[in-house]
There are 2 protein chains.
Amino acid sequence: MVITLVGAGNLATCLGYALLTAGHTVRQVWSRTTASAETLGKLLQCPWTTDLQALSADTDLFVVSVKDSALHEVAAQLPRHALVVHTAGSMPLDTLTQPRRGVFYPMQTFSKTHLVDFRQIPIFVEAAAPDDEATLTDLAQSVSTQVRPLSSERRKFLHVAAVFACNMTNHCYQLAAEVLAEQDIPFEAMLPLIDETANKVHTLSPHTAQTGPAVRWDKNVMERHLQMLDEEKREIYRMMSESIHKRQ
Amino acid sequence: MVITLVGAGNLATCLGYALLTAGHTVRQVWSRTTASAETLGKLLQCPWTTDLQALSADTDLFVVSVKDSALHEVAAQLPRHALVVHTAGSMPLDTLTQPRRGVFYPMQTFSKTHLVDFRQIPIFVEAAAPDDEATLTDLAQSVSTQVRPLSSERRKFLHVAAVFACNMTNHCYQLAAEVLAEQDIPFEAMLPLIDETANKVHTLSPHTAQTGPAVRWDKNVMERHLQMLDEEKREIYRMMSESIHKRQ
């Protein structure tokens with residue numbers, strides 16, 4: 001397919017690279033800022049612009065990957081009769097106004113500096129028209145083996161679950177990193193534990209996999225931990241420990 | 001070495017199995033409850049007891065792996081002149097009263113039903129006497145390639161960091177699982193995201209790796225997420241999001 005990327009952030013960068021690798025053509029790249037547009041245009045070896053009106057209508061698909069709060073406004077400026085999709089987990093299909101609208105949501109955490117293997121990434125598709133849903137499914141299957149249709153209503157729950165499983169999880173790593181940095185212990189010491197924590201939930205439910213002082217409600221340990229922490233970490237520690245304990 | 005295991009929980013089970021596999025002899029197993037003692041005795045094919053006084057002094061090492069709050073009392077009943085170690089990250093060396101006391105702390109999350117490969121697990125050792133520290137280092141190196149000495153004072157910070165990186169992280173998985181269960185979406189859908197979140201911090205710092213609505217402070221998305229959650233998850237979501245955002 002011939003694809004135009006509207007947005008040049010983390011997701012657009014990783015997706016654009018995967019589409020190119022799968023043999024598709026990236027027609028043009030747009031970004032609000034020159035720096036981002038140029039960087040992605042160069043990576044994908046295609047023309048780039050910061051002017052939405054400069055985007056050619058001669059393309060099979062517009063993929064809009066911009067900040068959710070800008071999505072409606074940016075997409076509304078694209079050609080009325082084009083196939084236009086967004087990639088936002090939490091935004092409904094109807095954020096777009098084109099009759100041929102769709103959603104192409106790869107559920108993964110993307111960073112520009114860390115290109116990922118798309119084949120194992122679940123991609124959830126939705127479209128206003130059945131033909132377009134078939135087109136999006138084909139496109140998704142050209143980069144991933146994990147493609148499923150999903151309605152806007154259900155996708156928004158998937159997205160909030162992803163925030164817990166990814167962003168909140170990564171923040172737990174961050175809090176651990178800060179505790180270690182204060183003691184000059186390298187963060188790398190945590191990696192086997194982090195890997196095994198992720199690995200365990202492939203075969204055990206998170207509830208069965210849980211261990212640690214909050215499960216046992218080992219008050220002495222928890223009290224000593226609280227004393228070592230600053231106020232913010234103490235509050236998070238207390239709230240999470242109570243939340244763990246009440247599920248035992 | 002000839003080793004006596006005092007305690008038969010998750011850690012004792014996984015460590016006992018690793019020691020046996022590395023060619024050591026497990027002399028006896030003790031647990032407070034008959035069921036646990038018998039199960040581990042059978043797994044390790046060695047005698048088991050629930051009577052601390054029935055433990056033979058004819059052993060090279062007692063490894064005490066009991067709940068932290070019981071550690072002092074249980075260990076105090078072991079032979080005065082034996083080499084006695086505990087495996088608790090947050091407990092100081094001096095919780096033990098024997099002159100030949102030590103700590104043997106494998107930093108990992110252990111479940112009886114999920115035996116792990118010990119070779120990559122960091123083991124932190126400490127002992128009151130240099131000779132005993134050398135003995136514990138040798139023992140640790142027989143099961144793991146990641147062995148380091150660490151003082152009680154520094155180990156307690158490592159342990160609280162491990163609680164964030166493991167138990168709190170697993171609880172984020174649990175919260176995601178609950179959101180998905182309500183929508184009949186299988187938890188397996190999260191696994192590629194969970195794996196990549198863990199994978200990213202091998203090459204990026206948690207701060208650089210962070211993504212999602214709290215980083216961008218995308219209020220619309222966060223507000224919609226909050227409306228989908230029950231009160232407990234809403235409080236955790238809010239607190240974690242603020243904590244993520246203030247670090248940007």
# chains A, B, ... in the order shown; residues from 1 in each chain; ligands from 1

$ interface_residues --of "chain B" --to "chain A" --cutoff "6 Å" --atoms "only C-alpha atoms" --output "ChimeraX atom specification"
/B:108,161,164-166,169,172-174,176,179,193,197,206

$ write_last_selection --atoms "N, CA and C atoms" --output "short mmCIF file (atom, residue, chain, number, x, y, z; two decimals), in the first residue's frame"
data_model
loop_
_atom_site.label_atom_id
_atom_site.label_comp_id
_atom_site.auth_asym_id
_atom_site.auth_seq_id
_atom_site.Cartn_x
_atom_site.Cartn_y
_atom_site.Cartn_z
N GLN B 108 15.37 -12.41 43.91
CA GLN B 108 14.48 -12.89 42.85
C GLN B 108 13.10 -13.11 43.46
N ALA B 161 13.98 -1.49 46.88
CA ALA B 161 13.95 -1.29 45.42
C ALA B 161 13.34 -2.51 44.73
N PHE B 164 9.59 -2.50 44.82
CA PHE B 164 9.01 -1.66 43.75
C PHE B 164 9.11 -2.37 42.40
N ALA B 165 10.29 -2.88 42.07
CA ALA B 165 10.51 -3.43 40.72
C ALA B 165 9.79 -4.76 40.50
N CYS B 166 9.45 -5.44 41.58
CA CYS B 166 8.81 -6.75 41.43
C CYS B 166 7.37 -6.76 41.96
N THR B 169 5.24 -3.83 40.61
CA THR B 169 5.08 -4.10 39.18
C THR B 169 4.05 -5.19 38.95
N CYS B 172 0.66 -3.94 39.30
CA CYS B 172 0.19 -3.22 38.10
C CYS B 172 -0.36 -4.22 37.08
N TYR B 173 0.30 -5.36 36.93
CA TYR B 173 -0.23 -6.42 36.04
C TYR B 173 -1.61 -6.86 36.55
N GLN B 174 -1.70 -7.02 37.86
CA GLN B 174 -2.96 -7.47 38.47
C GLN B 174 -4.10 -6.48 38.18
N ALA B 176 -4.30 -4.39 35.70
CA ALA B 176 -4.61 -4.53 34.27
C ALA B 176 -5.48 -5.77 34.05
N VAL B 179 -9.12 -5.10 34.98
CA VAL B 179 -9.81 -4.27 33.98
C VAL B 179 -10.20 -5.13 32.78
N LEU B 193 3.27 -6.47 25.48
CA LEU B 193 3.51 -5.14 26.07
C LEU B 193 4.31 -5.26 27.37
N THR B 197 8.04 -3.78 27.89
CA THR B 197 8.27 -2.80 28.97
C THR B 197 9.49 -3.22 29.79
N PRO B 206 14.65 3.83 32.94
CA PRO B 206 13.19 3.89 33.08
C PRO B 206 12.66 5.29 32.73
#

$ residues_around --residues "B:His86" --least-positions-apart "6" --cutoff "6 Å" --atoms "only C-alpha atoms" --output "short mmCIF file (atom, residue, chain, number, x, y, z; two decimals) with N, CA and C atoms, in the first residue's frame"
data_model
loop_
_atom_site.label_atom_id
_atom_site.label_comp_id
_atom_site.auth_asym_id
_atom_site.auth_seq_id
_atom_site.Cartn_x
_atom_site.Cartn_y
_atom_site.Cartn_z
N VAL B 63 20.52 -22.94 56.51
CA VAL B 63 19.96 -21.82 55.74
C VAL B 63 18.55 -21.58 56.25
N VAL B 64 18.35 -20.41 56.89
CA VAL B 64 17.05 -20.12 57.49
C VAL B 64 16.24 -19.22 56.55
N SER B 65 15.16 -19.76 55.99
CA SER B 65 14.29 -18.99 55.08
C SER B 65 12.88 -19.04 55.63
N VAL B 103 24.58 -13.95 55.70
CA VAL B 103 23.38 -13.70 54.89
C VAL B 103 23.66 -14.21 53.48
#

$ calpha_fit_and_write --fixed "chain A" --moving "chain B" --output "CSV table (one decimal) with C-alpha atoms, in the first residue's frame"
chain,number,residue,atom,x,y,z
B,1,MET,CA,0.0,0.0,0.0
B,2,VAL,CA,0.9,3.6,-0.4
B,3,ILE,CA,0.7,5.3,3.0
B,4,THR,CA,0.9,8.8,4.3
B,5,LEU,CA,2.0,9.3,7.9
B,6,VAL,CA,0.5,12.2,9.7
B,7,GLY,CA,2.6,12.6,12.9
B,8,ALA,CA,6.2,11.7,13.5
B,9,GLY,CA,6.3,10.7,17.2
B,10,ASN,CA,7.4,7.4,18.8
B,11,LEU,CA,4.5,5.3,17.3
B,12,ALA,CA,4.7,6.9,13.8
B,13,THR,CA,8.5,6.2,13.7
B,14,CYS,CA,8.3,2.6,14.7
B,15,LEU,CA,5.2,1.9,12.6
B,16,GLY,CA,6.6,3.7,9.5
B,17,TYR,CA,9.8,1.6,9.8
B,18,ALA,CA,7.8,-1.6,10.1
B,19,LEU,CA,5.6,-0.7,7.1
B,20,LEU,CA,8.6,0.1,5.0
B,21,THR,CA,10.3,-3.1,6.0
B,22,ALA,CA,7.2,-5.0,5.0
B,23,GLY,CA,7.4,-3.6,1.5
B,24,HIS,CA,4.8,-0.8,1.7
B,25,THR,CA,5.5,2.7,0.3
B,26,VAL,CA,5.5,5.7,2.6
B,27,ARG,CA,4.3,8.6,0.4
B,28,GLN,CA,4.8,11.6,2.7
B,29,VAL,CA,5.4,12.4,6.3
B,30,TRP,CA,3.8,15.3,8.1
B,31,SER,CA,4.7,16.7,11.5
B,32,ARG,CA,3.9,19.9,13.3
B,33,THR,CA,7.6,20.6,13.8
B,34,THR,CA,10.2,20.7,11.1
B,35,ALA,CA,12.8,18.8,13.2
B,36,SER,CA,10.5,15.8,13.7
B,37,ALA,CA,9.2,15.8,10.1
B,38,GLU,CA,12.7,16.0,8.7
B,39,THR,CA,14.1,13.2,11.0
B,40,LEU,CA,11.3,10.8,10.1
B,41,GLY,CA,11.4,11.7,6.4
B,42,LYS,CA,15.1,10.9,6.3
B,43,LEU,CA,14.7,7.7,8.3
B,44,LEU,CA,12.0,6.5,5.9
B,45,GLN,CA,13.6,8.2,2.8
B,46,CYS,CA,10.4,10.0,1.7
B,47,PRO,CA,9.3,13.6,1.4
B,48,TRP,CA,8.3,15.5,4.5
B,49,THR,CA,6.2,18.6,5.3
B,50,THR,CA,4.8,20.6,8.2
B,51,ASP,CA,1.9,21.9,6.1
B,52,LEU,CA,-1.2,19.6,6.2
B,53,GLN,CA,-2.5,21.3,2.9
B,54,ALA,CA,0.7,20.1,1.2
B,55,LEU,CA,-0.2,16.4,1.7
B,56,SER,CA,-1.1,14.7,-1.6
B,57,ALA,CA,-4.5,13.0,-1.9
B,58,ASP,CA,-2.9,10.5,-4.1
B,59,THR,CA,-2.3,7.9,-1.4
B,60,ASP,CA,-4.1,4.7,-0.2
B,61,LEU,CA,-4.2,5.6,3.4
B,62,PHE,CA,-3.6,8.4,5.9
B,63,VAL,CA,-2.3,7.1,9.3
B,64,VAL,CA,-2.8,9.8,11.9
B,65,SER,CA,-0.6,9.4,15.0
B,66,VAL,CA,-0.7,12.6,16.9
B,67,LYS,CA,-1.3,13.5,20.6
B,68,ASP,CA,-4.9,12.5,21.4
B,69,SER,CA,-6.0,16.1,22.2
B,70,ALA,CA,-4.9,17.2,18.7
B,71,LEU,CA,-6.3,14.2,16.8
B,72,HIS,CA,-9.8,15.5,15.9
B,73,GLU,CA,-8.5,18.8,14.6
B,74,VAL,CA,-5.6,17.5,12.6
B,75,ALA,CA,-7.6,14.6,11.0
B,76,ALA,CA,-10.4,17.0,10.0
B,77,GLN,CA,-8.0,18.8,7.7
B,78,LEU,CA,-7.3,15.7,5.6
B,79,PRO,CA,-9.2,14.9,2.4
B,80,ARG,CA,-12.8,14.1,3.0
B,81,HIS,CA,-13.0,11.0,0.8
B,82,ALA,CA,-9.7,9.4,1.8
B,83,LEU,CA,-9.3,6.3,4.0
B,84,VAL,CA,-8.1,7.9,7.3
B,85,VAL,CA,-7.2,5.9,10.4
B,86,HIS,CA,-5.8,6.9,13.8
B,87,THR,CA,-3.6,4.8,16.1
B,88,ALA,CA,-4.9,5.9,19.5
B,89,GLY,CA,-6.0,3.3,22.0
B,90,SER,CA,-8.3,5.5,24.0
B,91,MET,CA,-10.0,7.5,21.2
B,92,PRO,CA,-13.2,6.3,19.6
B,93,LEU,CA,-13.5,5.7,15.8
B,94,ASP,CA,-15.8,8.7,15.5
B,95,THR,CA,-13.1,11.2,16.5
B,96,LEU,CA,-12.6,11.1,12.8
B,97,THR,CA,-15.1,12.6,10.5
B,98,GLN,CA,-14.3,11.0,7.1
B,99,PRO,CA,-16.9,8.5,5.9
B,100,ARG,CA,-13.9,6.0,5.4
B,101,ARG,CA,-12.6,6.2,8.9
B,102,GLY,CA,-10.8,3.5,10.8
B,103,VAL,CA,-8.5,2.6,13.8
B,104,PHE,CA,-5.2,0.8,13.6
B,105,TYR,CA,-4.0,0.4,17.2
B,106,PRO,CA,-0.7,-1.4,17.8
B,107,MET,CA,-0.7,-2.1,21.5
B,108,GLN,CA,2.9,-1.5,22.5
B,109,THR,CA,5.2,1.0,24.1
B,110,PHE,CA,7.2,2.8,21.4
B,111,SER,CA,10.4,4.9,21.6
B,112,LYS,CA,12.1,6.4,18.6
B,113,THR,CA,15.4,5.2,19.9
B,114,HIS,CA,14.4,1.6,20.3
B,115,LEU,CA,12.9,0.0,17.1
B,116,VAL,CA,10.8,-3.1,18.0
B,117,ASP,CA,10.0,-6.3,16.2
B,118,PHE,CA,6.4,-5.7,15.0
B,119,ARG,CA,5.5,-9.3,14.3
B,120,GLN,CA,4.5,-10.1,17.9
B,121,ILE,CA,2.7,-6.8,18.6
B,122,PRO,CA,-1.1,-7.2,18.9
B,123,ILE,CA,-2.8,-4.8,16.4
B,124,PHE,CA,-6.5,-4.0,16.9
B,125,VAL,CA,-8.4,-2.8,13.9
B,126,GLU,CA,-11.8,-1.1,13.4
B,127,ALA,CA,-13.5,0.7,10.5
B,128,ALA,CA,-16.7,2.3,9.6
B,129,ALA,CA,-17.0,0.2,6.4
B,130,PRO,CA,-16.5,-3.5,6.2
B,131,ASP,CA,-14.3,-3.2,3.1
B,132,ASP,CA,-12.0,-0.8,4.9
B,133,GLU,CA,-11.8,-3.1,7.9
B,134,ALA,CA,-10.7,-5.9,5.5
B,135,THR,CA,-8.1,-3.6,4.0
B,136,LEU,CA,-6.8,-2.6,7.5
B,137,THR,CA,-6.7,-6.2,8.6
B,138,ASP,CA,-4.6,-7.1,5.5
B,139,LEU,CA,-2.3,-4.2,6.2
B,140,ALA,CA,-1.9,-5.2,9.9
B,141,GLN,CA,-1.2,-8.8,9.0
B,142,SER,CA,1.6,-7.7,6.7
B,143,VAL,CA,3.5,-6.5,9.8
B,144,SER,CA,2.1,-8.6,12.6
B,145,THR,CA,0.8,-12.1,13.4
B,146,GLN,CA,-1.5,-10.8,16.1
B,147,VAL,CA,-4.3,-9.0,14.5
B,148,ARG,CA,-7.8,-8.7,15.9
B,149,PRO,CA,-10.9,-6.6,15.3
B,150,LEU,CA,-12.0,-4.5,18.4
B,151,SER,CA,-14.7,-2.0,18.9
B,152,SER,CA,-14.0,1.5,20.3
B,153,GLU,CA,-16.0,0.7,23.4
B,154,ARG,CA,-13.8,-2.3,24.3
B,155,ARG,CA,-10.6,-0.8,23.0
B,156,LYS,CA,-10.8,2.0,25.6
B,157,PHE,CA,-10.7,-0.6,28.4
B,158,LEU,CA,-7.8,-2.3,26.7
B,159,HIS,CA,-6.0,1.0,26.7
B,160,VAL,CA,-6.4,1.8,30.4
B,161,ALA,CA,-5.2,-1.8,31.1
B,162,ALA,CA,-2.2,-1.1,29.0
B,163,VAL,CA,-1.4,2.0,31.0
B,164,PHE,CA,-1.3,-0.1,34.2
B,165,ALA,CA,0.7,-2.9,32.6
B,166,CYS,CA,3.2,-0.6,30.9
B,167,ASN,CA,3.4,3.0,32.1
B,168,MET,CA,2.6,2.3,35.8
B,169,THR,CA,5.0,-0.7,35.7
B,170,ASN,CA,7.7,1.4,34.1
B,171,HIS,CA,7.2,3.9,36.9
B,172,CYS,CA,7.7,1.2,39.5
B,173,TYR,CA,11.1,0.5,37.7
B,174,GLN,CA,11.8,4.3,38.0
B,175,LEU,CA,11.1,4.4,41.7
B,176,ALA,CA,13.4,1.4,42.2
B,177,ALA,CA,16.1,3.1,40.1
B,178,GLU,CA,15.9,6.2,42.3
B,179,VAL,CA,16.2,4.2,45.6
B,180,LEU,CA,19.3,2.4,44.1
B,181,ALA,CA,20.9,5.6,42.7
B,182,GLU,CA,20.9,7.1,46.2
B,183,GLN,CA,23.0,4.1,47.3
B,184,ASP,CA,25.2,4.0,44.2
B,185,ILE,CA,23.9,0.5,43.3
B,186,PRO,CA,23.6,0.0,39.6
B,187,PHE,CA,20.1,-0.4,38.2
B,188,GLU,CA,21.3,-3.4,36.2
B,189,ALA,CA,21.2,-5.4,39.4
B,190,MET,CA,17.3,-5.3,39.1
B,191,LEU,CA,17.2,-6.7,35.6
B,192,PRO,CA,17.0,-10.4,36.4
B,193,LEU,CA,14.2,-9.7,38.9
B,194,ILE,CA,12.3,-7.4,36.4
B,195,ASP,CA,12.6,-10.1,33.7
B,196,GLU,CA,11.4,-12.9,35.9
B,197,THR,CA,8.5,-10.8,37.2
B,198,ALA,CA,7.4,-10.3,33.5
B,199,ASN,CA,8.2,-14.0,32.7
B,200,LYS,CA,6.1,-15.4,35.6
B,201,VAL,CA,2.8,-14.0,34.3
B,202,HIS,CA,3.2,-16.0,31.1
B,203,THR,CA,2.4,-19.1,33.1
B,204,LEU,CA,0.9,-17.9,36.4
B,205,SER,CA,-1.9,-15.3,36.9
B,206,PRO,CA,-0.6,-12.0,38.5
B,207,HIS,CA,-2.6,-12.9,41.6
B,208,THR,CA,-0.8,-16.3,41.9
B,209,ALA,CA,2.6,-14.9,41.0
B,210,GLN,CA,2.5,-12.2,43.7
B,211,THR,CA,5.1,-12.4,46.5
B,212,GLY,CA,6.7,-10.0,49.0
B,213,PRO,CA,5.9,-8.4,52.4
B,214,ALA,CA,2.4,-7.0,51.4
B,215,VAL,CA,1.1,-10.5,50.6
B,216,ARG,CA,2.4,-11.9,53.9
B,217,TRP,CA,1.4,-8.5,55.6
B,218,ASP,CA,4.8,-8.6,57.3
B,219,LYS,CA,4.3,-5.3,59.2
B,220,ASN,CA,7.9,-5.1,60.5
B,221,VAL,CA,9.4,-5.2,57.1
B,222,MET,CA,6.9,-2.8,55.6
B,223,GLU,CA,7.4,-0.4,58.5
B,224,ARG,CA,11.2,-0.4,58.0
B,225,HIS,CA,10.7,0.1,54.3
B,226,LEU,CA,8.4,3.1,54.9
B,227,GLN,CA,11.1,4.7,57.1
B,228,MET,CA,13.7,4.5,54.3
B,229,LEU,CA,11.5,6.2,51.7
B,230,ASP,CA,10.7,9.9,51.0
B,231,GLU,CA,7.2,11.1,51.4
B,232,GLU,CA,6.0,10.5,47.8
B,233,LYS,CA,7.4,7.0,47.6
B,234,ARG,CA,6.0,6.2,51.1
B,235,GLU,CA,2.5,7.1,49.9
B,236,ILE,CA,2.8,5.0,46.8
B,237,TYR,CA,4.3,2.1,48.8
B,238,ARG,CA,1.5,2.3,51.4
B,239,MET,CA,-1.3,2.5,48.8
B,240,MET,CA,0.0,-0.3,46.6
B,241,SER,CA,0.7,-2.6,49.6
B,242,GLU,CA,-2.8,-2.1,50.9
B,243,SER,CA,-4.2,-2.8,47.5
B,244,ILE,CA,-2.1,-6.0,47.2
B,245,HIS,CA,-3.1,-7.2,50.7
B,246,LYS,CA,-6.8,-6.8,50.3
B,247,ARG,CA,-6.8,-9.3,47.4
B,248,GLN,CA,-5.2,-12.1,49.5

$ select_by_dssp --residues "stretch 10-225 of chain A" --states "alpha helix (DSSP H)" --output "VMD selection string"
chain A and resid 10 to 21 34 to 44 68 to 75 130 to 143 152 to 162 169 to 182 191 to 200 206 to 209 213 to 216 219 to 225

$ select_by_dssp --residues "stretch 17-247 of chain A" --states "strand (DSSP E)" --output "list in words"
Thr25, Val26, Arg27, Gln28, Val29, Trp30, Trp48, Thr49, Leu61, Phe62, Val63, Val64, Val84, Val85, His86, Arg101, Gly102, Val103, Phe104, Tyr105, Pro106, Ile123, Phe124, Val125, Glu126, Ala127, Val147, Arg148 and Pro149 of chain A

$ write_last_selection --atoms "N, CA, C and O atoms" --output "CSV table (one decimal), in the first residue's frame"
chain,number,residue,atom,x,y,z
A,25,THR,N,4.9,1.5,0.7
A,25,THR,CA,5.6,2.7,0.3
A,25,THR,C,5.1,3.8,1.2
A,25,THR,O,3.8,4.0,1.4
A,26,VAL,N,6.0,4.6,1.8
A,26,VAL,CA,5.5,5.7,2.6
A,26,VAL,C,5.6,6.9,1.6
A,26,VAL,O,6.7,7.3,1.2
A,27,ARG,N,4.4,7.5,1.4
A,27,ARG,CA,4.3,8.6,0.4
A,27,ARG,C,4.9,9.9,0.8
A,27,ARG,O,5.6,10.5,0.2
A,28,GLN,N,4.4,10.3,2.1
A,28,GLN,CA,4.9,11.6,2.7
A,28,GLN,C,4.8,11.4,4.2
A,28,GLN,O,4.0,10.6,4.7
A,29,VAL,N,5.5,12.3,4.8
A,29,VAL,CA,5.4,12.4,6.3
A,29,VAL,C,5.1,13.8,6.7
A,29,VAL,O,5.7,14.7,6.1
A,30,TRP,N,4.1,14.0,7.6
A,30,TRP,CA,3.9,15.3,8.1
A,30,TRP,C,4.1,15.3,9.6
A,30,TRP,O,3.9,14.3,10.3
A,48,TRP,N,8.9,15.0,3.3
A,48,TRP,CA,8.3,15.4,4.5
A,48,TRP,C,7.8,16.9,4.4
A,48,TRP,O,8.3,17.7,3.6
A,49,THR,N,6.8,17.2,5.3
A,49,THR,CA,6.3,18.6,5.3
A,49,THR,C,5.7,18.9,6.7
A,49,THR,O,5.5,18.0,7.5
A,61,LEU,N,-3.9,5.6,2.0
A,61,LEU,CA,-4.2,5.6,3.4
A,61,LEU,C,-3.5,6.7,4.2
A,61,LEU,O,-2.3,6.9,4.0
A,62,PHE,N,-4.2,7.4,5.0
A,62,PHE,CA,-3.6,8.4,5.9
A,62,PHE,C,-3.6,7.7,7.3
A,62,PHE,O,-4.7,7.3,7.8
A,63,VAL,N,-2.4,7.6,7.9
A,63,VAL,CA,-2.3,7.1,9.3
A,63,VAL,C,-2.0,8.3,10.2
A,63,VAL,O,-0.9,8.9,10.1
A,64,VAL,N,-3.0,8.7,11.1
A,64,VAL,CA,-2.8,9.9,11.9
A,64,VAL,C,-2.4,9.4,13.3
A,64,VAL,O,-3.1,8.7,14.0
A,84,VAL,N,-8.9,7.2,6.2
A,84,VAL,CA,-8.1,7.9,7.3
A,84,VAL,C,-8.2,7.0,8.6
A,84,VAL,O,-9.4,6.7,9.0
A,85,VAL,N,-7.1,6.7,9.1
A,85,VAL,CA,-7.2,5.9,10.4
A,85,VAL,C,-6.3,6.6,11.5
A,85,VAL,O,-5.4,7.4,11.2
A,86,HIS,N,-6.7,6.4,12.7
A,86,HIS,CA,-5.8,6.9,13.8
A,86,HIS,C,-5.3,5.7,14.6
A,86,HIS,O,-5.8,4.5,14.3
A,101,ARG,N,-13.4,6.1,7.7
A,101,ARG,CA,-12.6,6.2,8.9
A,101,ARG,C,-12.3,4.8,9.5
A,101,ARG,O,-13.1,3.9,9.4
A,102,GLY,N,-11.1,4.8,10.2
A,102,GLY,CA,-10.8,3.5,10.8
A,102,GLY,C,-9.8,3.7,12.0
A,102,GLY,O,-9.3,4.8,12.2
A,103,VAL,N,-9.5,2.6,12.7
A,103,VAL,CA,-8.6,2.6,13.8
A,103,VAL,C,-7.6,1.5,13.5
A,103,VAL,O,-8.0,0.4,13.1
A,104,PHE,N,-6.3,1.8,13.8
A,104,PHE,CA,-5.2,0.8,13.6
A,104,PHE,C,-4.4,1.0,14.9
A,104,PHE,O,-3.5,1.9,14.9
A,105,TYR,N,-4.6,0.2,15.9
A,105,TYR,CA,-4.0,0.4,17.2
A,105,TYR,C,-3.0,-0.7,17.5
A,105,TYR,O,-3.4,-1.8,17.9
A,106,PRO,N,-1.7,-0.4,17.4
A,106,PRO,CA,-0.7,-1.4,17.8
A,106,PRO,C,-0.5,-1.2,19.3
A,106,PRO,O,0.0,-0.1,19.7
A,123,ILE,N,-2.2,-6.0,17.1
A,123,ILE,CA,-2.8,-4.8,16.4
A,123,ILE,C,-4.3,-5.0,16.4
A,123,ILE,O,-4.8,-6.0,15.9
A,124,PHE,N,-5.0,-4.0,16.9
A,124,PHE,CA,-6.5,-4.0,16.9
A,124,PHE,C,-7.0,-3.1,15.9
A,124,PHE,O,-6.7,-1.9,15.9
A,125,VAL,N,-7.9,-3.6,15.0
A,125,VAL,CA,-8.4,-2.8,13.9
A,125,VAL,C,-9.9,-2.6,14.0
A,125,VAL,O,-10.7,-3.4,14.6
A,126,GLU,N,-10.4,-1.5,13.5
A,126,GLU,CA,-11.8,-1.1,13.4
A,126,GLU,C,-12.0,-0.2,12.2
A,126,GLU,O,-11.1,0.6,11.9
A,127,ALA,N,-13.2,-0.3,11.6
A,127,ALA,CA,-13.5,0.7,10.5
A,127,ALA,C,-14.9,0.9,10.4
A,127,ALA,O,-15.7,0.0,10.8
A,147,VAL,N,-3.4,-10.0,14.9
A,147,VAL,CA,-4.3,-9.0,14.5
A,147,VAL,C,-5.7,-9.3,14.9
A,147,VAL,O,-6.2,-10.5,14.6
A,148,ARG,N,-6.5,-8.4,15.5
A,148,ARG,CA,-7.8,-8.7,15.9
A,148,ARG,C,-8.7,-7.5,15.7
A,148,ARG,O,-8.3,-6.4,15.9
A,149,PRO,N,-10.0,-7.7,15.3
A,149,PRO,CA,-10.9,-6.6,15.3
A,149,PRO,C,-11.3,-6.2,16.7
A,149,PRO,O,-11.4,-7.1,17.6
